[in-house]
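Novice: Take a look at data-v8.cif, mmCIF, C-alpha atoms:
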data_target
#
loop_
_atom_site.label_atom_id
_atom_site.label_comp_id
_atom_site.auth_asym_id
_atom_site.auth_seq_id
_atom_site.Cartn_x
_atom_site.Cartn_y
_atom_site.Cartn_z
CA MET A 1 -37.36 -9.94 14.96
CA SER A 2 -38.26 -8.67 18.45
CA ALA A 3 -38.11 -5.05 19.52
CA ALA A 4 -34.35 -5.23 20.03
CA SER A 5 -32.89 -2.63 17.67
CA PRO A 6 -29.79 -3.16 15.50
CA VAL A 7 -26.70 -1.37 16.74
CA ILE A 8 -24.60 0.78 14.38
CA GLU A 9 -21.01 0.62 15.53
CA ARG A 10 -17.45 1.21 14.40
CA GLY A 11 -15.12 0.59 17.31
CA THR A 12 -15.31 -2.71 19.17
CA ALA A 13 -13.49 -4.25 22.12
CA ALA A 14 -11.29 -6.09 19.64
CA SER A 15 -10.44 -2.90 17.76
CA ARG A 16 -9.49 -1.10 20.96
CA ILE A 17 -7.20 -3.95 21.97
CA ALA A 18 -5.77 -3.95 18.45
CA ALA A 19 -4.99 -0.22 18.69
CA ILE A 20 -2.99 -0.80 21.87
CA ALA A 21 -1.24 -3.79 20.29
CA VAL A 22 -0.30 -1.73 17.22
CA ALA A 23 1.24 0.98 19.42
CA LEU A 24 3.26 -1.62 21.32
CA ILE A 25 4.43 -3.31 18.11
CA ILE A 26 5.60 0.00 16.65
CA ALA A 27 7.47 0.81 19.88
CA LEU A 28 9.16 -2.61 19.81
CA LEU A 29 10.06 -2.20 16.14
CA ALA A 30 11.63 1.18 16.91
CA ILE A 31 14.14 -0.38 19.31
CA ALA A 32 14.54 -3.64 17.39
CA PRO A 33 17.77 -2.68 15.53
CA GLN A 34 19.63 -2.95 18.85
CA PHE A 35 18.85 -6.67 18.94
CA LEU A 36 18.59 -7.66 15.25
CA SER A 37 21.38 -8.87 13.01
CA VAL A 38 22.51 -6.86 9.99
CA GLY A 39 20.57 -9.10 7.63
CA ALA A 40 17.43 -8.93 9.78
CA VAL A 41 17.52 -5.12 9.80
CA ASP A 42 17.68 -5.09 6.00
CA ARG A 43 14.82 -7.58 5.71
CA MET A 44 12.61 -5.65 8.12
CA THR A 45 13.26 -2.49 6.12
CA ALA A 46 12.05 -4.32 3.03
CA LEU A 47 8.91 -5.42 4.91
CA PHE A 48 8.07 -1.81 5.81
CA ILE A 49 8.42 -0.83 2.16
CA TYR A 50 6.16 -3.70 1.10
CA VAL A 51 3.50 -2.57 3.58
CA ILE A 52 3.63 0.94 2.11
CA LEU A 53 3.25 -0.38 -1.44
CA ALA A 54 0.35 -2.67 -0.53
CA ALA A 55 -1.48 -0.02 1.49
CA MET A 56 -1.17 2.61 -1.24
CA TRP A 57 -2.37 0.31 -4.05
CA ASN A 58 -5.19 -0.95 -1.83
CA ALA A 59 -6.24 2.63 -1.11
CA LEU A 60 -6.33 3.44 -4.80
CA ALA A 61 -7.97 0.25 -6.09
CA GLY A 62 -9.59 -1.42 -3.10
CA PHE A 63 -11.21 1.67 -1.61
CA GLY A 64 -11.25 4.04 -4.57
CA GLY A 65 -11.94 1.58 -7.39
CA LEU A 66 -9.03 2.94 -9.46
CA VAL A 67 -7.30 -0.25 -10.58
CA SER A 68 -3.86 0.59 -11.97
CA VAL A 69 -1.14 -1.58 -13.50
CA GLY A 70 1.26 1.35 -13.83
CA GLN A 71 2.01 2.41 -10.25
CA GLN A 72 5.65 1.52 -10.86
CA VAL A 73 5.95 4.94 -12.47
CA PHE A 74 5.84 6.58 -9.03
CA PHE A 75 8.14 3.96 -7.52
CA GLY A 76 10.71 4.67 -10.23
CA LEU A 77 10.30 8.43 -10.01
CA GLY A 78 10.80 8.34 -6.25
CA ALA A 79 14.21 6.76 -6.79
CA TYR A 80 15.06 8.95 -9.80
CA PHE A 81 14.31 12.26 -8.12
CA SER A 82 16.35 11.15 -5.08
CA ILE A 83 19.34 10.67 -7.39
CA ARG A 84 18.74 14.03 -9.04
CA LEU A 85 18.29 15.99 -5.79
CA ALA A 86 21.31 14.39 -4.15
CA ASP A 87 23.38 15.18 -7.24
CA ALA A 88 22.27 18.81 -6.88
CA GLY A 89 23.83 18.90 -3.41
CA LEU A 90 20.90 18.04 -1.14
CA ASN A 91 21.60 15.77 1.82
CA PRO A 92 20.76 12.25 0.60
CA PHE A 93 18.43 11.48 3.52
CA VAL A 94 16.58 14.73 2.98
CA ALA A 95 16.48 14.01 -0.75
CA LEU A 96 14.55 10.78 -0.11
CA PHE A 97 11.56 12.67 1.27
CA VAL A 98 11.79 15.73 -0.93
CA SER A 99 11.69 13.36 -3.90
CA ALA A 100 8.39 11.92 -2.64
CA ILE A 101 6.97 15.43 -2.46
CA VAL A 102 8.11 16.04 -6.03
CA VAL A 103 6.47 12.75 -7.09
CA GLY A 104 3.22 13.87 -5.47
CA ALA A 105 3.46 17.20 -7.27
CA VAL A 106 4.15 15.50 -10.61
CA SER A 107 1.21 13.13 -10.10
CA ARG A 108 -1.26 16.00 -9.96
CA PRO A 109 -0.97 17.08 -13.61
CA ILE A 110 -0.95 13.39 -14.58
CA SER A 111 -4.26 13.01 -12.75
CA LEU A 112 -5.83 15.82 -14.79
CA PHE A 113 -6.14 13.57 -17.81
CA MET A 114 -5.75 10.08 -16.34
CA LEU A 115 -8.80 10.45 -14.08
CA ARG A 116 -10.92 11.09 -17.15
CA LEU A 117 -10.44 7.41 -17.94
CA ARG A 118 -12.36 4.61 -16.29
CA ASN A 119 -11.90 0.91 -15.56
CA GLY A 120 -9.63 -0.84 -18.08
CA GLU A 121 -8.76 2.40 -19.86
CA PHE A 122 -7.37 3.85 -16.63
CA ALA A 123 -5.44 0.65 -15.81
CA ILE A 124 -3.75 0.45 -19.22
CA GLY A 125 -3.30 4.21 -19.42
CA MET A 126 -1.23 4.14 -16.24
CA TRP A 127 0.93 1.39 -17.70
CA VAL A 128 1.54 3.55 -20.79
CA ILE A 129 2.50 6.50 -18.57
CA ALA A 130 4.97 4.27 -16.74
CA ALA A 131 6.54 3.06 -20.00
CA LEU A 132 6.88 6.60 -21.38
CA THR A 133 8.39 7.89 -18.14
CA HIS A 134 10.90 5.05 -18.18
CA LEU A 135 12.03 6.11 -21.66
CA LEU A 136 12.32 9.75 -20.63
CA VAL A 137 14.43 8.91 -17.57
CA ASN A 138 16.76 6.89 -19.81
CA LEU A 139 17.51 10.08 -21.75
CA ASP A 140 18.99 11.76 -18.67
CA ARG A 141 22.78 11.77 -19.02
CA LEU A 142 23.19 11.41 -15.26
CA VAL A 143 21.35 8.07 -15.41
CA GLN A 144 23.37 6.85 -18.43
CA GLY A 145 20.50 4.92 -19.93
CA GLU A 146 19.99 1.39 -18.64
CA THR A 147 23.53 1.43 -17.25
CA GLY A 148 22.15 3.41 -14.35
CA THR A 149 23.90 5.27 -11.57
CA SER A 150 24.21 5.24 -7.77
CA LEU A 151 23.24 7.34 -4.78
CA ILE A 152 26.92 7.66 -3.99
CA SER A 153 26.44 10.48 -1.46
CA LEU A 154 25.09 7.88 1.00
CA ASN A 155 28.48 6.19 1.03
CA VAL A 156 29.92 8.97 3.19
CA TYR A 157 27.98 7.50 6.12
CA ASP A 158 29.15 4.48 8.06
CA ALA A 159 27.41 1.33 6.77
CA SER A 160 25.88 0.35 10.13
CA THR A 161 24.71 3.92 10.84
CA ARG A 162 23.23 4.19 7.37
CA ARG A 163 21.44 0.84 7.69
CA VAL A 164 19.77 1.73 11.00
CA ALA A 165 18.85 5.22 9.81
CA ILE A 166 17.14 3.83 6.71
CA TYR A 167 15.34 1.28 8.91
CA TRP A 168 13.97 4.03 11.14
CA LEU A 169 13.03 6.19 8.17
CA ALA A 170 11.15 3.28 6.60
CA LEU A 171 9.37 2.50 9.87
CA ALA A 172 8.44 6.15 10.40
CA SER A 173 7.22 6.48 6.80
CA MET A 174 5.10 3.33 7.03
CA THR A 175 3.59 4.39 10.35
CA ALA A 176 2.83 7.93 9.19
CA LEU A 177 1.32 6.85 5.87
CA LEU A 178 -0.86 4.20 7.49
CA ALA A 179 -2.02 6.71 10.11
CA VAL A 180 -2.89 9.33 7.47
CA LEU A 181 -4.68 6.76 5.33
CA PHE A 182 -6.57 5.36 8.31
CA GLY A 183 -7.71 8.83 9.37
CA LEU A 184 -8.70 9.72 5.81
CA LEU A 185 -10.77 6.56 5.31
CA ARG A 186 -12.56 6.95 8.64
CA GLY A 187 -13.70 10.48 7.85
CA SER A 188 -16.22 11.92 5.44
CA THR A 189 -13.65 11.76 2.66
CA GLY A 190 -13.38 8.01 3.20
CA ALA A 191 -17.13 7.65 2.87
CA ALA A 192 -16.98 9.67 -0.35
CA ILE A 193 -14.15 7.48 -1.69
CA ARG A 194 -16.16 4.30 -1.13
CA ALA A 195 -19.29 5.87 -2.59
CA ILE A 196 -17.36 6.74 -5.76
CA ARG A 197 -16.02 3.19 -5.94
CA ASP A 198 -19.51 1.69 -5.67
CA ASN A 199 -21.24 4.05 -8.11
CA GLU A 200 -19.54 7.18 -9.36
CA ASP A 201 -22.65 8.68 -10.97
CA ALA A 202 -24.78 8.08 -7.88
CA ALA A 203 -22.10 9.62 -5.67
CA ALA A 204 -22.03 12.74 -7.86
CA SER A 205 -25.81 13.00 -7.72
CA VAL A 206 -25.77 13.33 -3.92
CA GLY A 207 -23.11 16.05 -3.91
CA VAL A 208 -19.83 14.12 -3.67
CA ARG A 209 -16.94 15.97 -5.31
CA VAL A 210 -15.96 13.04 -7.49
CA THR A 211 -12.98 14.47 -9.39
CA GLY A 212 -11.46 16.23 -6.38
CA THR A 213 -11.79 13.19 -4.16
CA LYS A 214 -10.29 10.85 -6.75
CA ARG A 215 -7.42 13.29 -7.32
CA LEU A 216 -6.68 13.44 -3.58
CA LEU A 217 -6.48 9.65 -3.43
CA PHE A 218 -4.40 9.47 -6.60
CA VAL A 219 -1.84 11.99 -5.31
CA LEU A 220 -1.64 10.35 -1.87
CA ALA A 221 -0.99 6.95 -3.44
CA ALA A 222 1.68 8.45 -5.72
CA PHE A 223 3.34 10.20 -2.78
CA GLY A 224 3.42 7.00 -0.71
CA ILE A 225 4.76 4.86 -3.53
CA GLY A 226 7.33 7.57 -4.26
CA ILE A 227 8.60 7.29 -0.68
CA ALA A 228 8.77 3.52 -1.10
CA GLY A 229 10.86 3.88 -4.27
CA ALA A 230 13.23 6.34 -2.61
CA LEU A 231 13.68 4.09 0.42
CA TRP A 232 14.33 1.08 -1.78
CA LEU A 233 17.05 3.07 -3.55
CA ALA A 234 18.58 3.91 -0.18
CA THR A 235 18.80 0.21 0.71
CA SER A 236 20.33 -0.84 -2.62
CA ILE A 237 22.27 2.38 -3.51
CA THR A 238 22.25 1.57 -7.25
CA PHE A 239 19.61 2.85 -9.66
CA GLN A 240 18.84 1.11 -12.94
CA PRO A 241 15.68 2.38 -14.67
CA LYS A 242 14.58 -1.03 -15.98
CA THR A 243 14.55 -2.33 -12.40
CA TYR A 244 12.65 0.52 -10.78
CA PHE A 245 10.17 1.07 -13.61
CA SER A 246 9.48 -2.66 -13.98
CA VAL A 247 5.83 -3.74 -13.93
CA GLN A 248 6.81 -6.39 -11.40
CA TRP A 249 6.42 -3.78 -8.66
CA THR A 250 2.77 -3.28 -9.48
CA ALA A 251 2.39 -7.06 -9.79
CA TYR A 252 3.74 -7.39 -6.26
CA MET A 253 1.28 -4.75 -5.03
CA ILE A 254 -1.64 -6.55 -6.66
CA PHE A 255 -0.50 -9.90 -5.24
CA MET A 256 -0.25 -8.56 -1.69
CA VAL A 257 -3.66 -6.91 -1.82
CA LEU A 258 -5.44 -9.85 -3.48
CA VAL A 259 -4.04 -12.36 -1.02
CA GLY A 260 -4.53 -10.19 2.05
CA GLY A 261 -7.96 -8.86 1.20
CA ILE A 262 -8.74 -6.04 -1.21
CA GLY A 263 -10.77 -3.20 0.22
CA THR A 264 -9.84 -3.97 3.85
CA PHE A 265 -7.33 -1.93 5.80
CA GLU A 266 -5.93 -4.94 7.63
CA GLY A 267 -5.78 -7.03 4.44
CA ALA A 268 -3.05 -4.95 2.81
CA ILE A 269 -0.83 -5.28 5.88
CA LEU A 270 -1.47 -9.03 6.13
CA GLY A 271 -0.81 -9.47 2.41
CA ALA A 272 2.51 -7.61 2.67
CA LEU A 273 3.55 -9.83 5.57
CA LEU A 274 2.66 -12.99 3.64
CA PHE A 275 4.52 -11.80 0.55
CA PHE A 276 7.53 -10.96 2.71
CA LEU A 277 7.54 -14.47 4.20
CA ILE A 278 7.14 -16.14 0.82
CA GLU A 279 9.96 -14.06 -0.64
CA THR A 280 12.20 -14.78 2.35
CA TRP A 281 11.67 -18.54 2.15
CA PHE A 282 11.37 -19.09 -1.61
CA GLY A 283 12.90 -16.00 -3.23
CA GLY A 284 15.98 -17.94 -4.26
CA ALA A 285 13.99 -20.42 -6.34
CA GLY A 286 14.34 -18.29 -9.47
CA VAL A 287 11.58 -18.53 -12.05
CA TRP A 288 9.67 -21.07 -9.94
CA TYR A 289 9.26 -18.39 -7.29
CA LEU A 290 7.46 -16.14 -9.80
CA ILE A 291 5.35 -19.05 -11.06
CA GLY A 292 4.40 -19.83 -7.47
CA LEU A 293 3.34 -16.23 -6.86
CA GLY A 294 1.15 -16.26 -9.96
CA ALA A 295 -0.43 -19.60 -9.06
CA THR A 296 -1.09 -18.41 -5.51
CA ALA A 297 -2.73 -15.21 -6.72
CA LEU A 298 -4.91 -17.21 -9.14
CA ALA A 299 -5.93 -19.66 -6.42
CA PHE A 300 -6.92 -16.86 -4.07
CA SER A 301 -8.91 -15.10 -6.80
CA LEU A 302 -10.89 -18.28 -7.46
CA LEU A 303 -11.25 -19.73 -3.96
CA LEU A 304 -11.00 -16.71 -1.64
CA PRO A 305 -11.99 -13.68 -3.73
CA ARG A 306 -12.06 -11.45 -0.65
CA GLY A 307 -8.59 -12.57 0.44
CA LEU A 308 -7.54 -13.95 3.79
CA TRP A 309 -8.62 -11.03 5.93
CA GLY A 310 -11.81 -10.42 3.98
CA THR A 311 -12.79 -14.07 4.49
CA LEU A 312 -12.03 -13.94 8.22
CA GLU A 313 -13.97 -10.72 8.56
CA GLU A 314 -16.95 -12.15 6.71
CA ARG A 315 -17.01 -15.43 8.61
CA PHE A 316 -16.24 -14.27 12.15
CA GLY A 317 -17.07 -10.56 12.08
CA LEU A 318 -13.49 -9.78 13.13
CA ARG A 319 -12.70 -6.08 12.74
CA LEU A 320 -9.41 -4.89 14.23
CA LEU A 321 -8.87 -1.62 12.34
CA PRO A 322 -12.34 -0.64 11.11
CA VAL A 323 -12.65 2.33 8.81
CA GLY A 324 -16.39 2.06 8.21
CA TYR A 325 -19.47 1.25 10.25
CA SER A 326 -21.13 -2.12 10.73
CA VAL A 327 -24.60 -3.20 11.82
CA ARG A 328 -24.81 -5.52 14.83
CA ILE A 329 -27.96 -7.27 15.98
CA PRO A 330 -27.85 -7.74 19.77
CA VAL A 331 -27.19 -11.31 20.89
CA ASN A 332 -30.38 -11.37 22.96
CA ALA A 333 -32.54 -10.48 19.95
CA THR A 334 -35.20 -13.13 19.28
CA LEU A 335 -36.86 -14.26 16.13
CA THR A 336 -40.61 -13.98 15.57
CA THR A 337 -40.87 -17.66 16.51
CA GLY A 338 -39.32 -16.99 19.89
CA GLU A 339 -35.99 -18.64 19.00
CA THR A 340 -32.72 -16.95 19.88
CA ALA A 341 -30.77 -15.58 16.94
CA SER A 342 -27.73 -17.61 15.91
CA PRO A 343 -24.20 -16.11 16.15
CA ALA A 344 -24.18 -15.68 12.38
CA GLN A 345 -27.23 -13.45 12.73
CA THR A 346 -25.80 -11.21 15.44
CA THR A 347 -23.34 -9.25 13.31
CA THR A 348 -23.03 -8.22 9.70
CA SER A 349 -19.45 -8.59 8.68
CA ARG A 350 -19.22 -6.16 5.78
CA GLU A 351 -18.47 -2.58 6.72
CA LYS A 352 -20.72 0.22 5.57
CA ALA A 353 -19.62 3.72 4.65
#
Represent the structure from my file as C-alpha cells, please.
Specialist:
Amino acid sequence: MSAASPVIERGTAASRIAAIAVALIIALLAIAPQFLSVGAVDRMTALFIYVILAAMWNALAGFGGLVSVGQQVFFGLGAYFSIRLADAGLNPFVALFVSAIVVGAVSRPISLFMLRLRNGEFAIGMWVIAALTHLLVNLDRLVQGETGTSLISLNVYDASTRRVAIYWLALASMTALLAVLFGLLRGSTGAAIRAIRDNEDAAASVGVRVTGTKRLLFVLAAFGIGIAGALWLATSITFQPKTYFSVQWTAYMIFMVLVGGIGTFEGAILGALLFFLIETWFGGAGVWYLIGLGATALAFSLLLPRGLWGTLEERFGLRLLPVGYSVRIPVNATLTTGETASPAQTTTSREKA
C-alpha cells in the first residue's frame, strides 16, 4: 500500500442520514393511529413487540454470546406480574411497567447461578428455568392453572382509547429500549460485552468485569422481554400460562435474529419486520406456517449465516446504526504496483469493538 493511512471510523454519512430517518419514522408512527384502521393499529402494536423481543435476544446472544432457549420465562412473568399487580389494585397501565421492573429484579438472582453455566448448559438451563416457572405460576389460585385469567381491569377503558394507549406504550417502550441498548453497545460496556463474547478468558485477563457485565446484559434482556410480555397481555387481555410460557416465543426470537442478522443492531429490527410480514401474510396457514418458518430459518443458516443485514453489511459496507468501529482504506490509496485499490478494498465491513 502507499502512504495513505487507514481511517478508523464509526459514524458515516449513511449513518447520519439514517439517524434523521429514524427520528422521522418514530414521529410518523406516533401520529399514525389517527389515520390507521383498528386492525392496523393492533398489527403495528404487535410489530413493536416483535422488535423488542428480537432486539433483546440479539443483545443477549448476538452481542453477549449468551444463547438462550428459555427467554419465554421473562415473557410469561411480565404478563403474570401484570395480572398480579392489577389484582392488588394498581392501575393496569402502570402495572404493565411495574411488572417489567419486577421481572428485572427477579432475573438478578436467577443470573447468580445461571451465568455460571456456559454454551449449551446455559441454553438448556434457561429452558429448565422457564419450565419450572410455568409450573409454579400454575399453582397460583388467581391463575386457575391452565384455565388462566384475564386483565379485566383494562375493560373499564373504552376499547378505542385502550387500543391507542397500548399502541403508544408499545412504541415508547420499543424506542426507549432500542435507544438504551444502542447507547450501551456504543460505549465501553458494549466493547466489554463483545470482548466477552469473543473470548471470555481473554477479556478477563485484560481487566473486563466479566460476571458484572454479563449480569447487566442478562437483566436488561429480561426487563425488555418482560415489557413485551406485559404489552402482549394488554393487547389480548387473557392470560393462559401455557401460551405465555411456550417455547415458541423464544423460537420466534431466534428466527427473527437469524434471518435479520445476528450480532448486528439493524439485523434484529429487519428480522422482526420480516417475521411480521410473513405472519401477516401466511399466519392463517396453520401448521404449514410453522413448517415454513423452520425451513426459512434452516435455509438462512446454511446459505446466509450472517442473515440479510449481515450479508449486506459484508458485501457493501453498509452501516446505518453502527455500534462499533470499522477500518476504512481511503479510495485514493494505491497498491505497491501503482494500481488503484478496488472498492472491495476500500472498506472493511465487519465492525470492531
Novice: Go through the shown structure with the PyMOL selection byres ((chain A and resi 94) around 12) and write out the matching residues as a list in words.
Specialist: Phe81, Ser82, Ile83, Leu85, Ala86, Gly89, Leu90, Asn91, Pro92, Phe93, Ala95, Leu96, Phe97, Val98, Ser99, Ala100, Ile101, Ser153, Leu154, Ala165, Ile166, Leu169, Ile227, Ala230, Leu231 and Ala234 of chain A
Novice: Box along x, y and z, 4 Å on every side, all listed atoms of range 62-73 of chain A inside: centre and edge lengths in Å to one decimal, as AutoDock Vina command-line options.
Specialist:
--center_x -3.0 --center_y 1.7 --center_z -7.7 --size_x 25.9 --size_y 14.5 --size_z 20.2
Novice: Measuring atom to atom with all atoms listed in the file, identify which of A:Gly267, A:Gly212, A:Gly224, A:Pro33 is nearest to Arg116 in chain A.
Specialist: A:Gly212
Novice: Calculated over all atoms listed in the file, which of the candidates A:Gly148, A:Gly263, A:Pro322, A:Gly229 has the smallest distance to Ala14 in chain A?
Specialist: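 When distances to Ala14 in chain A are compared using all atoms listed in the file, the smallest one comes from A:Pro322.
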Novice: For CA of Pro109 in chain A and CA of Tyr252 in chain A, quote the distance in Å rounded to one decimal.
Specialist: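 A separation of 26.0 Å between them.
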Novice: Please evaluate the PyMOL selection byres ((chain A and resi 129) around 10) against the displayed coordinates and give the resulting residues as a list in words.
Specialist: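 Expected selection for the PyMOL selection byres ((chain A and resi 129) around 10) here is Gly70, Gln71, Gln72, Val73, Ile110, Met114, Ile124, Gly125, Met126, Trp127, Val128, Ala130, Ala131, Leu132, Thr133 and His134 of chain A.
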Novice: What is the CA of Leu220 in chain A-CA of Val180 in chain A distance in Å, reported with one decimal?
Specialist: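 Answer for the CA of Leu220 in chain A to CA of Val180 in chain A separation: 9.5 Å.
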Novice: How far is it from CA of Arg197 in chain A to CA of Gly64 in chain A, in Å with one decimal?
Specialist: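 One can read the CA of Arg197 in chain A to CA of Gly64 in chain A distance as 5.0 Å.
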Novice: Using only C-alpha atoms, which of A:Val143, A:Val69, A:Leu117, A:Val156 sits nearest Ala251 in chain A?
Specialist: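 Result for the nearest residue to Ala251 in chain A: A:Val69.
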Novice: Nearest to Val208 in chain A: which of A:Thr296, A:Ser68, A:Thr189, A:Thr175 is it, counting only C-alpha atoms?
Specialist: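 Result for the nearest residue to Val208 in chain A: A:Thr189.
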Novice: What residues come out when you apply the PyMOL selection byres ((chain A and resi 66) around 8) to this file, written as a list in words?
Specialist: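 With the PyMOL selection byres ((chain A and resi 66) around 8) on this model, the match is Leu60, Ala61, Gly62, Gly64, Gly65, Val67, Ser68, Arg118, Asn119, Phe122, Ala123 and Arg197 of chain A.
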Novice: For Ala268 in chain A, which residue out of A:Met253, A:Ala105, A:Leu304, A:Leu181 is the nearest one, using only C-alpha atoms?
Specialist: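 Going through A:Met253, A:Ala105, A:Leu304, A:Leu181 one by one, the smallest distance to Ala268 in chain A is for A:Met253.
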Novice: So which residues touch range 171-173 of chain A within 9 Å, counting only C-alpha atoms, skipping near sequence neighbours fewer than 3 positions away, as a PyMOL selection string?
Specialist: chain A and resi 26+29-30+44-45+48-49+52+166-168+176-178+224+227-228
